[in-house]
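Colleague: You'll find protein_16.cif just under this line, and it carries mmCIF, C-alpha atoms.
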data_run
#
loop_
_atom_site.group_PDB
_atom_site.id
_atom_site.type_symbol
_atom_site.label_atom_id
_atom_site.label_comp_id
_atom_site.auth_asym_id
_atom_site.auth_seq_id
_atom_site.Cartn_x
_atom_site.Cartn_y
_atom_site.Cartn_z
ATOM 1 C CA MET A 1 46.883 38.360 20.645
ATOM 2 C CA SER A 2 44.064 38.210 23.166
ATOM 3 C CA GLY A 3 42.883 35.092 24.975
ATOM 4 C CA THR A 4 39.657 35.209 22.958
ATOM 5 C CA ASP A 5 41.555 34.741 19.685
ATOM 6 C CA SER A 6 43.382 31.715 21.098
ATOM 7 C CA SER A 7 40.190 30.116 22.390
ATOM 8 C CA ASP A 8 38.407 30.865 19.071
ATOM 9 C CA GLY A 9 41.141 28.974 17.217
ATOM 10 C CA TRP A 10 40.789 26.068 19.604
ATOM 11 C CA ARG A 11 36.989 25.969 19.248
ATOM 12 C CA ARG A 12 37.387 25.990 15.466
ATOM 13 C CA ALA A 13 39.756 23.019 15.695
ATOM 14 C CA LEU A 14 37.294 21.082 17.870
ATOM 15 C CA ARG A 15 34.379 21.845 15.530
ATOM 16 C CA ALA A 16 36.386 20.630 12.540
ATOM 17 C CA LEU A 17 37.412 17.431 14.304
ATOM 18 C CA THR A 18 33.843 16.833 15.492
ATOM 19 C CA ALA A 19 32.483 17.157 11.947
ATOM 20 C CA LEU A 20 35.221 14.841 10.695
ATOM 21 C CA CYS A 21 34.277 12.294 13.370
ATOM 22 C CA VAL A 22 30.704 12.326 12.053
ATOM 23 C CA ASP A 23 31.505 12.040 8.318
ATOM 24 C CA PRO A 24 35.151 11.095 7.703
ATOM 25 C CA GLY A 25 34.586 9.605 4.250
ATOM 26 C CA GLY A 26 32.549 12.540 2.987
ATOM 27 C CA LEU A 27 34.757 15.300 4.391
ATOM 28 C CA LYS A 28 38.002 13.437 3.582
ATOM 29 C CA GLY A 29 40.099 14.984 6.302
ATOM 30 C CA LEU A 30 41.863 17.730 8.136
ATOM 31 C CA CYS A 31 45.134 19.573 7.647
ATOM 32 C CA LEU A 32 46.458 20.443 11.087
ATOM 33 C CA ARG A 33 49.249 22.996 10.931
ATOM 34 C CA ALA A 34 51.015 22.963 14.264
ATOM 35 C CA ARG A 35 54.461 22.361 15.635
ATOM 36 C CA PRO A 36 54.593 19.715 18.365
ATOM 37 C CA SER A 37 53.061 21.320 21.441
ATOM 38 C CA PRO A 38 50.814 20.504 24.393
ATOM 39 C CA ALA A 39 47.818 22.003 22.540
ATOM 40 C CA ARG A 40 48.469 19.827 19.481
ATOM 41 C CA GLN A 41 48.817 16.768 21.715
ATOM 42 C CA VAL A 42 45.450 17.463 23.357
ATOM 43 C CA LEU A 43 43.840 17.594 19.888
ATOM 44 C CA GLU A 44 45.697 14.473 18.725
ATOM 45 C CA ASP A 45 44.406 12.636 21.787
ATOM 46 C CA GLN A 46 40.887 13.246 20.438
ATOM 47 C CA PHE A 47 41.647 11.476 17.124
ATOM 48 C CA GLY A 48 40.621 8.251 18.852
ATOM 49 C CA ARG A 49 36.996 9.374 18.552
ATOM 50 C CA MET A 50 37.157 8.800 14.808
ATOM 51 C CA PRO A 51 34.871 5.941 13.752
ATOM 52 C CA LEU A 52 37.606 4.487 11.540
ATOM 53 C CA PRO A 53 40.780 2.848 12.807
ATOM 54 C CA LEU A 54 43.730 5.244 12.951
ATOM 55 C CA ARG A 55 46.813 4.346 10.896
ATOM 56 C CA ARG A 56 49.822 6.584 11.520
ATOM 57 C CA ILE A 57 51.974 6.843 8.420
ATOM 58 C CA HIS A 58 55.287 8.539 7.682
ATOM 59 C CA PRO A 59 56.342 10.439 4.534
ATOM 60 C CA GLY A 60 58.758 7.572 3.826
ATOM 61 C CA ILE A 61 56.028 4.910 3.620
ATOM 62 C CA SER A 62 56.589 2.487 0.756
ATOM 63 C CA ASP A 63 54.071 1.578 -1.925
ATOM 64 C CA THR A 64 54.143 -2.002 -0.674
ATOM 65 C CA GLN A 65 53.151 -0.886 2.820
ATOM 66 C CA LEU A 66 50.429 1.371 1.433
ATOM 67 C CA PHE A 67 49.009 -0.822 -1.347
ATOM 68 C CA GLY A 68 50.309 -4.304 -0.543
ATOM 69 C CA GLY A 69 52.320 -6.507 -2.826
ATOM 70 C CA VAL A 70 52.933 -10.005 -4.039
ATOM 71 C CA LYS A 71 54.222 -12.604 -1.588
ATOM 72 C CA VAL A 72 56.742 -14.246 -3.890
ATOM 73 C CA ALA A 73 57.550 -17.355 -1.840
ATOM 74 C CA ALA A 74 53.897 -18.085 -1.068
ATOM 75 C CA SER A 75 52.917 -17.491 -4.706
ATOM 76 C CA LEU A 76 55.558 -19.927 -5.952
ATOM 77 C CA SER A 77 54.626 -22.617 -3.449
ATOM 78 C CA GLU A 78 50.873 -22.333 -4.102
ATOM 79 C CA GLY A 79 51.156 -21.937 -7.877
ATOM 80 C CA LYS A 80 49.001 -18.814 -7.872
ATOM 81 C CA MET A 81 49.513 -15.206 -6.935
ATOM 82 C CA VAL A 82 49.269 -14.572 -3.204
ATOM 83 C CA ARG A 83 48.947 -10.926 -2.284
ATOM 84 C CA ASP A 84 49.926 -9.195 0.933
ATOM 85 C CA ALA A 85 47.345 -6.615 2.009
ATOM 86 C CA GLY A 86 48.365 -2.970 2.229
ATOM 87 C CA LEU A 87 47.150 -0.301 4.613
ATOM 88 C CA SER A 88 44.809 1.114 1.963
ATOM 89 C CA ASP A 89 42.927 -2.194 1.673
ATOM 90 C CA ALA A 90 41.028 -1.573 4.909
ATOM 91 C CA GLN A 91 39.005 1.562 5.565
ATOM 92 C CA ALA A 92 40.958 3.818 7.925
ATOM 93 C CA THR A 93 41.900 7.329 8.911
ATOM 94 C CA PHE A 94 45.515 7.883 7.914
ATOM 95 C CA VAL A 95 47.461 10.303 10.104
ATOM 96 C CA LEU A 96 50.421 11.545 8.057
ATOM 97 C CA THR A 97 53.132 12.849 10.346
ATOM 98 C CA MET A 98 55.518 15.502 9.030
ATOM 99 C CA ALA A 99 53.136 16.110 6.134
ATOM 100 C CA GLU A 100 55.233 19.052 4.930
ATOM 101 C CA ARG A 101 57.889 16.494 3.968
ATOM 102 C CA ALA A 102 55.591 14.380 1.792
ATOM 103 C CA THR A 103 56.860 13.973 -1.742
ATOM 104 C CA SER A 104 54.674 14.760 -4.729
ATOM 105 C CA GLY A 105 54.589 11.024 -5.474
ATOM 106 C CA LEU A 106 53.230 10.141 -2.043
ATOM 107 C CA ALA A 107 50.770 13.031 -2.269
ATOM 108 C CA ALA A 108 49.512 11.668 -5.608
ATOM 109 C CA ARG A 109 49.095 8.158 -4.196
ATOM 110 C CA LEU A 110 47.245 9.373 -1.109
ATOM 111 C CA ALA A 111 45.083 11.631 -3.291
ATOM 112 C CA MET A 112 44.248 8.596 -5.436
ATOM 113 C CA ILE A 113 43.087 6.730 -2.314
ATOM 114 C CA LEU A 114 40.911 9.676 -1.241
ATOM 115 C CA ASP A 115 39.461 10.099 -4.739
ATOM 116 C CA ALA A 116 38.626 6.400 -5.128
ATOM 117 C CA GLY A 117 35.553 6.777 -2.942
ATOM 118 C CA SER A 118 36.834 4.218 -0.469
ATOM 119 C CA ASP A 119 35.741 6.294 2.551
ATOM 120 C CA HIS A 120 39.267 6.710 3.852
ATOM 121 C CA ALA A 121 40.063 9.923 5.702
ATOM 122 C CA LEU A 122 43.383 11.727 6.058
ATOM 123 C CA ILE A 123 44.731 13.916 8.836
ATOM 124 C CA LEU A 124 47.840 15.833 7.860
ATOM 125 C CA LEU A 125 50.128 16.863 10.702
ATOM 126 C CA ASP A 126 51.894 19.775 9.034
ATOM 127 C CA GLU A 127 54.827 20.855 11.202
ATOM 128 C CA GLY A 128 56.274 23.389 8.780
ATOM 129 C CA ALA A 129 57.991 26.333 10.442
ATOM 130 C CA GLU A 130 58.179 28.567 7.368
ATOM 131 C CA PRO A 131 55.363 29.503 4.966
ATOM 132 C CA ASP A 132 56.989 27.549 2.119
ATOM 133 C CA GLU A 133 57.192 24.409 4.304
ATOM 134 C CA ALA A 134 53.675 23.076 3.900
ATOM 135 C CA ALA A 135 51.775 19.912 3.112
ATOM 136 C CA PRO A 136 51.344 19.342 -0.645
ATOM 137 C CA ASP A 137 48.449 21.170 -2.284
ATOM 138 C CA ALA A 138 47.432 17.906 -3.967
ATOM 139 C CA LEU A 139 46.365 16.732 -0.518
ATOM 140 C CA THR A 140 45.223 19.897 1.251
ATOM 141 C CA GLU A 141 42.822 20.825 -1.551
ATOM 142 C CA ARG A 142 40.969 17.528 -1.027
ATOM 143 C CA LEU A 143 40.458 17.983 2.706
ATOM 144 C CA ALA A 144 37.479 19.836 4.164
ATOM 145 C CA PHE A 145 39.293 21.475 7.054
ATOM 146 C CA HIS A 146 42.480 23.462 7.593
ATOM 147 C CA VAL A 147 43.347 24.343 11.172
ATOM 148 C CA ASP A 148 46.349 26.260 12.478
ATOM 149 C CA LEU A 149 47.154 25.926 16.177
ATOM 150 C CA ALA A 150 50.150 28.286 16.139
ATOM 151 C CA GLU A 151 48.385 30.889 18.291
ATOM 152 C CA VAL A 152 46.461 28.483 20.540
ATOM 153 C CA ARG A 153 47.667 28.494 24.114
ATOM 154 C CA TRP A 154 47.821 25.291 26.082
ATOM 155 C CA SER A 155 45.485 26.748 28.710
ATOM 156 C CA ASP A 156 42.759 27.051 26.033
ATOM 157 C CA ALA A 157 43.231 23.461 24.814
ATOM 158 C CA THR A 158 40.484 21.631 26.659
ATOM 159 C CA PRO A 159 39.097 18.463 25.043
ATOM 160 C CA LEU A 160 35.422 19.478 24.882
ATOM 161 C CA MET A 161 34.259 17.024 22.215
ATOM 162 C CA PRO A 162 30.686 15.671 22.093
ATOM 163 C CA ALA A 163 29.967 12.452 23.954
ATOM 164 C CA PRO A 164 30.505 9.239 21.947
ATOM 165 C CA ALA A 165 26.735 8.565 21.969
ATOM 166 C CA ASP A 166 26.111 12.026 20.458
ATOM 167 C CA LEU A 167 28.655 11.354 17.693
ATOM 168 C CA ASP A 168 26.981 7.989 17.003
ATOM 169 C CA ALA A 169 23.558 9.661 16.828
ATOM 170 C CA ALA A 170 24.862 12.297 14.414
ATOM 171 C CA ARG A 171 26.353 9.551 12.207
ATOM 172 C CA ALA A 172 23.031 7.735 12.210
ATOM 173 C CA ARG A 173 21.208 10.881 11.029
ATOM 174 C CA LEU A 174 23.798 11.675 8.363
ATOM 175 C CA ALA A 175 22.029 9.584 5.695
ATOM 176 C CA ASP A 176 18.955 11.841 5.996
ATOM 177 C CA ILE A 177 20.921 15.039 5.315
ATOM 178 C CA ARG A 178 21.148 16.416 1.791
#
Rewrite the structure of this file - the entire thing - as structure tokens.
Modeller:
Amino acid sequence: MSGTDSSDGWRRALRALTALCVDPGGLKGLCLRARPSPARQVLEDQFGRMPLPLRRIHPGISDTQLFGGVKVAASLSEGKMVRDAGLSDAQATFVLTMAERATSGLAARLAMILDAGSDHALILLDEGAEPDEAAPDALTERLAFHVDLAEVRWSDATPLMPAPADLDAARARLADIR
């Protein structure tokens, strides 16, 4: 592989993340296929440019953590149902680590959140080593971007994202684009 191929893959990853930073709710997300590496870490460090708060989640997340639940003691003492908020109650970008380990049930629940029009976004960190170890199709088919950093060298991984003011300006113009 030549250095050009590695840098092309990196530029593609930055373009995808930049577009996602401008319209996270409309594009829904990014599937990032990459083992832990310095290049992946450089890209992950840029996730902070997302306009939505980042919420790192694990494949073992419970429904109560994701959707909230009833606070039994508080409900009994107040005589009415008191609900605990879940992560999905507030607009956010979910970063699912070890996405290749997500169960079909979790994939369905996350897909439901994306399909509800709630402007959440999802970044899948797919660390699968083999072709059959991959994030669930129920999630990847909903996301606008699929990036593989397997061939990207660390020396090509420079964080050349647009300035925050440029991202803000692009977001402001988004409503005028059809």
Colleague: Using all atoms listed in the file, can you list as a VMD selection string the residues within 12 Å of (43.2, 9.8, 9.2)?
Modeller: chain A and resid 17 20 to 21 23 to 25 27 to 32 44 46 to 57 87 to 88 91 to 97 110 113 to 114 119 to 125 143
Colleague: Please report the interatomic distance between CA of Gly128 in chain A and CA of Asp156 in chain A in Å with one decimal.
Modeller: 22.2 Å
Colleague: CA of Met112 in chain A to CA of Asp132 in chain A: how many Å, to one decimal?
Modeller: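 If I compute the distance from CA of Met112 in chain A to CA of Asp132 in chain A, I get 24.1 Å.
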Colleague: At a cut-off of 12 Å from (36.2, 14.6, 25.8) in the coordinates of the file, what residues are picked up using all atoms listed in the file, written as a PyMOL selection string?
Modeller: chain A and resi 14+17-18+42-49+157-167
Colleague: Mind giving me the straight-line distance from CA of Gly60 in chain A to CA of Pro38 in chain A in Å, one decimal?
Modeller: 25.6 Å
Colleague: Could you give me, as a PDB file with C-alpha atoms, in the coordinates of the input, the residues within 7 Å of range 10-13 of chain A, counting all atoms listed in the file and dropping anything in the same chain fewer than 2 positions from it?
Modeller:
ATOM      1  CA  SER A   6      43.382  31.715  21.098  1.00  0.00           C
ATOM      2  CA  SER A   7      40.190  30.116  22.390  1.00  0.00           C
ATOM      3  CA  ASP A   8      38.407  30.865  19.071  1.00  0.00           C
ATOM      4  CA  ARG A  15      34.379  21.845  15.530  1.00  0.00           C
ATOM      5  CA  ALA A  16      36.386  20.630  12.540  1.00  0.00           C
ATOM      6  CA  LEU A  17      37.412  17.431  14.304  1.00  0.00           C
ATOM      7  CA  VAL A 147      43.347  24.343  11.172  1.00  0.00           C
ATOM      8  CA  VAL A 152      46.461  28.483  20.540  1.00  0.00           C
ATOM      9  CA  ASP A 156      42.759  27.051  26.033  1.00  0.00           C
ATOM     10  CA  ALA A 157      43.231  23.461  24.814  1.00  0.00           C
TER      11      ALA A 157
END
